[in-house]
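Worksheet: one structure, shown below.
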Amino acid sequence: MDVATTSKFLALLAIVAVGGSVAITALRLLPGPGPATVRADVARVAPWLAAAVAVAATAGSLYYSEIAGFVPCELCWYQRIAMYPLAVVLPIAAVRGDRTVGRYAVPLAVLGAAVSVYHVQLQAFPDQSSSCDAAAPCTVREVTALGFVTIPMMALAGFVTVVALFLAGRPTRTAVPATTSEVPVP
Amino acid sequence: MSSPAPSSKRRRSAVPGIVAIVVGLVVAAAAVALLTGGGEDDTASPTQTTRPTTASGDGAVSTSGASAGGVAVGTVRVVGASLPAFPESGADRAKGLAFPEIRGQDVASGLPVTIANDGRPKIVMVVAHWCPHCQREVPVVADWLGRDPRASLVDVYAISTAVDRSRGNYPPASWLTEEGWFVQTIADDATGSAFRATGASSFPSFVAIDAQGKVVARASGELSAARFADLVVAAAGR
């Protein structure tokens, strides 16, 4: 699979991840026991899904630098600093059933997402500096898959999805029973 | 993920369905990517990219003569020591040092170009075709050279480096021609030999060289016409 095909695959995964994040957020907003129970089931698998997202994002990042040969720019490294620990911590937490890992993972993901947002807008509006770094310019889009998906956009999708998955397990304002997965079917 | 105790009144868990949907979407994404391929995606191919500061060695990709797109990546020979790296702050250690001789080919014509100590003050400008700051700087310099009489005080050369077909505004010769760029411009080699000889680390960058072939000033980033004129005056010793 060449770089362009791999990029298309990763871009599609990013779009799926964003779509999933939107769906999870919508579940939090929808009233009634139905969405609450589905959300409870999502929360049960959320640690595993978050771990998968972090591992996939890390694998994609390493693919671009070690196989495709793209040199990571400074902002890419900041996003790696946020994502790589998640690829280790989240799978361990999922295996151990550690529900408190969100307290550590979500701040990392939020920081990473903030850097990704800055990187995306810098690529969109490169006039914010006066020169281009020769080794690894942050302003250059190494990949534009599906016509618009760039590497920092993929990273942003990963960070947002991790946050959304952990928020799925948090109680909403409308009290939901702790054992919603055991709500009887009418 | 323990399952609740079996009970006819308990609802069925959605977990298997969620997992199936996720796996299905991943498989579908892989299938779509494989079946449709990369297509027209604007993805860089590192084999087409020159990476001036990470590459090493004297190997050069030679493109003989000039095609319709000119010479994107040329053959370069540097004689003499490269300038030290341009500092982010503080004094520039390159001041007073001899600028190395650089021989190459013009990006548009393919004809030989030599930047050597010939008793004339010079400005050497380094540009990359994909860099938006270079894209803005080239017309500024071209305009100034065409209208300011002080332009005759110096010889101006340029180096086109870090060529990457996938990054847009390619080939460099077409871009420079469209901008009315009449300055002799060396097409750097695949390892960025000419770029490294200037000690620069970003684009655009400038080196002002006096009539004795010594560096009097360097600059990095977009320059206004007035600041470019200052460099010219500094090189000319006026």
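A note on labels: chains of the structure tokens are A, B, ... as shown, every chain counts residues from 1, and ligands are counted from 1 in their shown order.
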Produce a table with one row for each residue of chain A that has an atom at most 7 Å from any atom of chain B, each row naming the nearest atom pair and its distance in Å at one decimal; use only C-alpha atoms; arrange rows by chain and rising residue number; format as CSV.
```
residue,atom,partner,partner_atom,distance
A:Ala4,CA,B:Gly38,CA,4.2
A:Thr5,CA,B:Gly38,CA,4.1
A:Lys8,CA,B:Ala33,CA,5.7
A:Phe9,CA,B:Ala33,CA,5.1
A:Leu12,CA,B:Ala29,CA,5.7
A:Leu13,CA,B:Ala29,CA,6.5
A:Val38,CA,B:Ala14,CA,6.5
A:Asp41,CA,B:Val15,CA,5.7
A:Val42,CA,B:Val15,CA,7.0
A:Arg44,CA,B:Met1,CA,6.7
A:Val45,CA,B:Val15,CA,7.0
A:Ala68,CA,B:Pro46,CA,7.0
A:Gly69,CA,B:Pro46,CA,6.1
A:Phe70,CA,B:Pro46,CA,6.9
A:Ser130,CA,B:Gly221,CA,4.9
A:Ser131,CA,B:Gly221,CA,4.3
A:Cys132,CA,B:Phe203,CA,5.0
A:Asp133,CA,B:Ser202,CA,4.4
A:Ala134,CA,B:Ser202,CA,4.6
A:Ala135,CA,B:Thr53,CA,5.6
A:Glu142,CA,B:Ala44,CA,5.4
A:Val143,CA,B:Thr43,CA,4.4
A:Thr144,CA,B:Asp42,CA,5.1
A:Ala145,CA,B:Asp41,CA,5.2
A:Leu146,CA,B:Asp41,CA,6.1
A:Gly147,CA,B:Asp41,CA,6.2
A:Ser181,CA,B:Ser13,CA,6.9
A:Glu182,CA,B:Arg10,CA,5.6
A:Val183,CA,B:Arg10,CA,6.1
A:Pro184,CA,B:Arg10,CA,4.3
A:Val185,CA,B:Arg11,CA,4.6
```
Using only C-alpha atoms, determine which residues lie at most 12 Å from Ser152 (chain B), disregarding the query and same-chain residues fewer than 3 positions distant; provide the list as a count of residues only.
-> 17
Excluding same-chain residues fewer than 4 positions from Ala93 (chain A), what lies within 10 Å of it counting only C-alpha atoms, as a ChimeraX atom specification?
-> /A:47-48,51,86,88-89,97-102
Run DSSP on the backbone and grab whatever in region 61-140 of chain A lands in alpha helix (DSSP H); send it over as a VMD selection string.
-> chain A and resid 61 to 62 74 to 96 102 to 124
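One finds CA of Arg196 (chain B) at 21.6 Å from CA of Leu176 (chain B).
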Using DSSP on the backbone coordinates, identify all residues within region 66-115 of chain B classified as strand (DSSP E or B); present the result as a ChimeraX atom specification.
-> /B:67,70,77-79,98,101-106,112-115
Output file for the selection above: all heavy atoms, as an mmCIF file, in the first residue's frame:
```
data_model
loop_
_atom_site.group_PDB
_atom_site.id
_atom_site.type_symbol
_atom_site.label_atom_id
_atom_site.label_comp_id
_atom_site.auth_asym_id
_atom_site.auth_seq_id
_atom_site.Cartn_x
_atom_site.Cartn_y
_atom_site.Cartn_z
ATOM 1 N N SER B 67 14.374 21.610 -19.927
ATOM 2 C CA SER B 67 13.162 21.202 -20.606
ATOM 3 C C SER B 67 12.175 22.344 -20.513
ATOM 4 O O SER B 67 12.512 23.448 -20.106
ATOM 5 C CB SER B 67 12.613 19.937 -19.934
ATOM 6 O OG SER B 67 12.291 20.227 -18.602
ATOM 7 N N GLY B 70 12.179 23.779 -17.242
ATOM 8 C CA GLY B 70 13.475 24.204 -16.755
ATOM 9 C C GLY B 70 14.178 23.088 -16.007
ATOM 10 O O GLY B 70 13.859 21.911 -16.169
ATOM 11 N N ARG B 77 28.342 22.382 -7.659
ATOM 12 C CA ARG B 77 29.676 22.173 -7.101
ATOM 13 C C ARG B 77 30.019 23.382 -6.233
ATOM 14 O O ARG B 77 29.902 24.529 -6.671
ATOM 15 C CB ARG B 77 30.695 22.010 -8.222
ATOM 16 C CG ARG B 77 32.115 21.803 -7.721
ATOM 17 C CD ARG B 77 33.036 21.467 -8.892
ATOM 18 N NE ARG B 77 34.441 21.540 -8.517
ATOM 19 C CZ ARG B 77 35.079 20.604 -7.817
ATOM 20 N NH1 ARG B 77 34.434 19.537 -7.414
ATOM 21 N NH2 ARG B 77 36.355 20.738 -7.514
ATOM 22 N N VAL B 78 30.383 23.106 -5.008
ATOM 23 C CA VAL B 78 30.751 24.167 -4.065
ATOM 24 C C VAL B 78 32.250 24.085 -3.807
ATOM 25 O O VAL B 78 32.761 23.028 -3.439
ATOM 26 C CB VAL B 78 29.980 24.024 -2.735
ATOM 27 C CG1 VAL B 78 30.422 25.095 -1.738
ATOM 28 C CG2 VAL B 78 28.478 24.126 -2.978
ATOM 29 N N VAL B 79 32.927 25.196 -4.009
ATOM 30 C CA VAL B 79 34.373 25.261 -3.763
ATOM 31 C C VAL B 79 34.606 26.213 -2.591
ATOM 32 O O VAL B 79 34.217 27.381 -2.650
ATOM 33 C CB VAL B 79 35.137 25.764 -5.012
ATOM 34 C CG1 VAL B 79 36.637 25.823 -4.718
ATOM 35 C CG2 VAL B 79 34.840 24.887 -6.210
ATOM 36 N N ALA B 98 34.853 34.472 3.727
ATOM 37 C CA ALA B 98 34.736 34.401 2.263
ATOM 38 C C ALA B 98 33.535 33.553 1.877
ATOM 39 O O ALA B 98 33.320 32.477 2.445
ATOM 40 C CB ALA B 98 36.013 33.816 1.674
ATOM 41 N N GLU B 101 32.649 29.561 -3.564
ATOM 42 C CA GLU B 101 32.256 29.594 -4.973
ATOM 43 C C GLU B 101 31.206 28.504 -5.215
ATOM 44 O O GLU B 101 31.377 27.368 -4.771
ATOM 45 C CB GLU B 101 33.482 29.355 -5.859
ATOM 46 C CG GLU B 101 33.186 29.418 -7.342
ATOM 47 C CD GLU B 101 34.454 29.254 -8.170
ATOM 48 O OE1 GLU B 101 35.415 30.035 -7.974
ATOM 49 O OE2 GLU B 101 34.485 28.324 -9.001
ATOM 50 N N ILE B 102 30.145 28.879 -5.903
ATOM 51 C CA ILE B 102 29.072 27.915 -6.193
ATOM 52 C C ILE B 102 28.851 27.867 -7.698
ATOM 53 O O ILE B 102 28.615 28.894 -8.342
ATOM 54 C CB ILE B 102 27.757 28.318 -5.485
ATOM 55 C CG1 ILE B 102 27.958 28.415 -3.969
ATOM 56 C CG2 ILE B 102 26.655 27.300 -5.806
ATOM 57 C CD1 ILE B 102 26.734 28.901 -3.214
ATOM 58 N N ARG B 103 28.957 26.655 -8.240
ATOM 59 C CA ARG B 103 28.732 26.469 -9.676
ATOM 60 C C ARG B 103 27.508 25.572 -9.878
ATOM 61 O O ARG B 103 27.370 24.553 -9.198
ATOM 62 C CB ARG B 103 29.937 25.806 -10.330
ATOM 63 C CG ARG B 103 31.207 26.627 -10.246
ATOM 64 C CD ARG B 103 32.368 25.850 -10.833
ATOM 65 N NE ARG B 103 33.632 26.526 -10.592
ATOM 66 C CZ ARG B 103 34.823 25.955 -10.791
ATOM 67 N NH1 ARG B 103 34.891 24.698 -11.204
ATOM 68 N NH2 ARG B 103 35.927 26.626 -10.555
ATOM 69 N N GLY B 104 26.671 25.991 -10.782
ATOM 70 C CA GLY B 104 25.482 25.189 -11.054
ATOM 71 C C GLY B 104 24.863 25.552 -12.382
ATOM 72 O O GLY B 104 25.528 26.111 -13.263
ATOM 73 N N GLN B 105 23.578 25.240 -12.500
ATOM 74 C CA GLN B 105 22.846 25.507 -13.742
ATOM 75 C C GLN B 105 21.675 26.428 -13.451
ATOM 76 O O GLN B 105 21.042 26.323 -12.383
ATOM 77 C CB GLN B 105 22.285 24.205 -14.324
ATOM 78 C CG GLN B 105 23.297 23.157 -14.662
ATOM 79 C CD GLN B 105 22.606 21.817 -14.855
ATOM 80 O OE1 GLN B 105 22.429 21.057 -13.906
ATOM 81 N NE2 GLN B 105 22.184 21.539 -16.085
ATOM 82 N N ASP B 106 21.361 27.270 -14.417
ATOM 83 C CA ASP B 106 20.219 28.164 -14.264
ATOM 84 C C ASP B 106 18.916 27.373 -14.355
ATOM 85 O O ASP B 106 18.780 26.486 -15.211
ATOM 86 C CB ASP B 106 20.241 29.240 -15.352
ATOM 87 C CG ASP B 106 19.140 30.261 -15.167
ATOM 88 O OD1 ASP B 106 19.302 31.141 -14.301
ATOM 89 O OD2 ASP B 106 18.118 30.160 -15.871
ATOM 90 N N PRO B 112 25.213 27.267 -17.543
ATOM 91 C CA PRO B 112 26.036 27.313 -16.335
ATOM 92 C C PRO B 112 25.946 28.677 -15.642
ATOM 93 O O PRO B 112 25.885 29.718 -16.297
ATOM 94 C CB PRO B 112 27.464 27.073 -16.863
ATOM 95 C CG PRO B 112 27.289 26.462 -18.206
ATOM 96 C CD PRO B 112 26.010 27.010 -18.748
ATOM 97 N N VAL B 113 25.903 28.634 -14.322
ATOM 98 C CA VAL B 113 25.920 29.849 -13.504
ATOM 99 C C VAL B 113 26.992 29.660 -12.437
ATOM 100 O O VAL B 113 27.049 28.608 -11.794
ATOM 101 C CB VAL B 113 24.555 30.103 -12.816
ATOM 102 C CG1 VAL B 113 24.636 31.341 -11.916
ATOM 103 C CG2 VAL B 113 23.446 30.258 -13.841
ATOM 104 N N THR B 114 27.829 30.660 -12.254
ATOM 105 C CA THR B 114 28.870 30.583 -11.229
ATOM 106 C C THR B 114 28.782 31.811 -10.336
ATOM 107 O O THR B 114 28.775 32.950 -10.833
ATOM 108 C CB THR B 114 30.275 30.499 -11.861
ATOM 109 O OG1 THR B 114 30.346 29.333 -12.687
ATOM 110 C CG2 THR B 114 31.343 30.424 -10.779
ATOM 111 N N ILE B 115 28.698 31.572 -9.035
ATOM 112 C CA ILE B 115 28.774 32.663 -8.064
ATOM 113 C C ILE B 115 30.196 32.617 -7.513
ATOM 114 O O ILE B 115 30.552 31.727 -6.746
ATOM 115 C CB ILE B 115 27.749 32.492 -6.933
ATOM 116 C CG1 ILE B 115 26.332 32.333 -7.506
ATOM 117 C CG2 ILE B 115 27.801 33.675 -5.975
ATOM 118 C CD1 ILE B 115 25.272 32.000 -6.447
#
```
Given the choices A:Ala17, A:Ile151, A:Ala94, A:Val163, which gets closest to Ser65 (chain A) if the distance is worked out from only C-alpha atoms?
-> A:Ile151
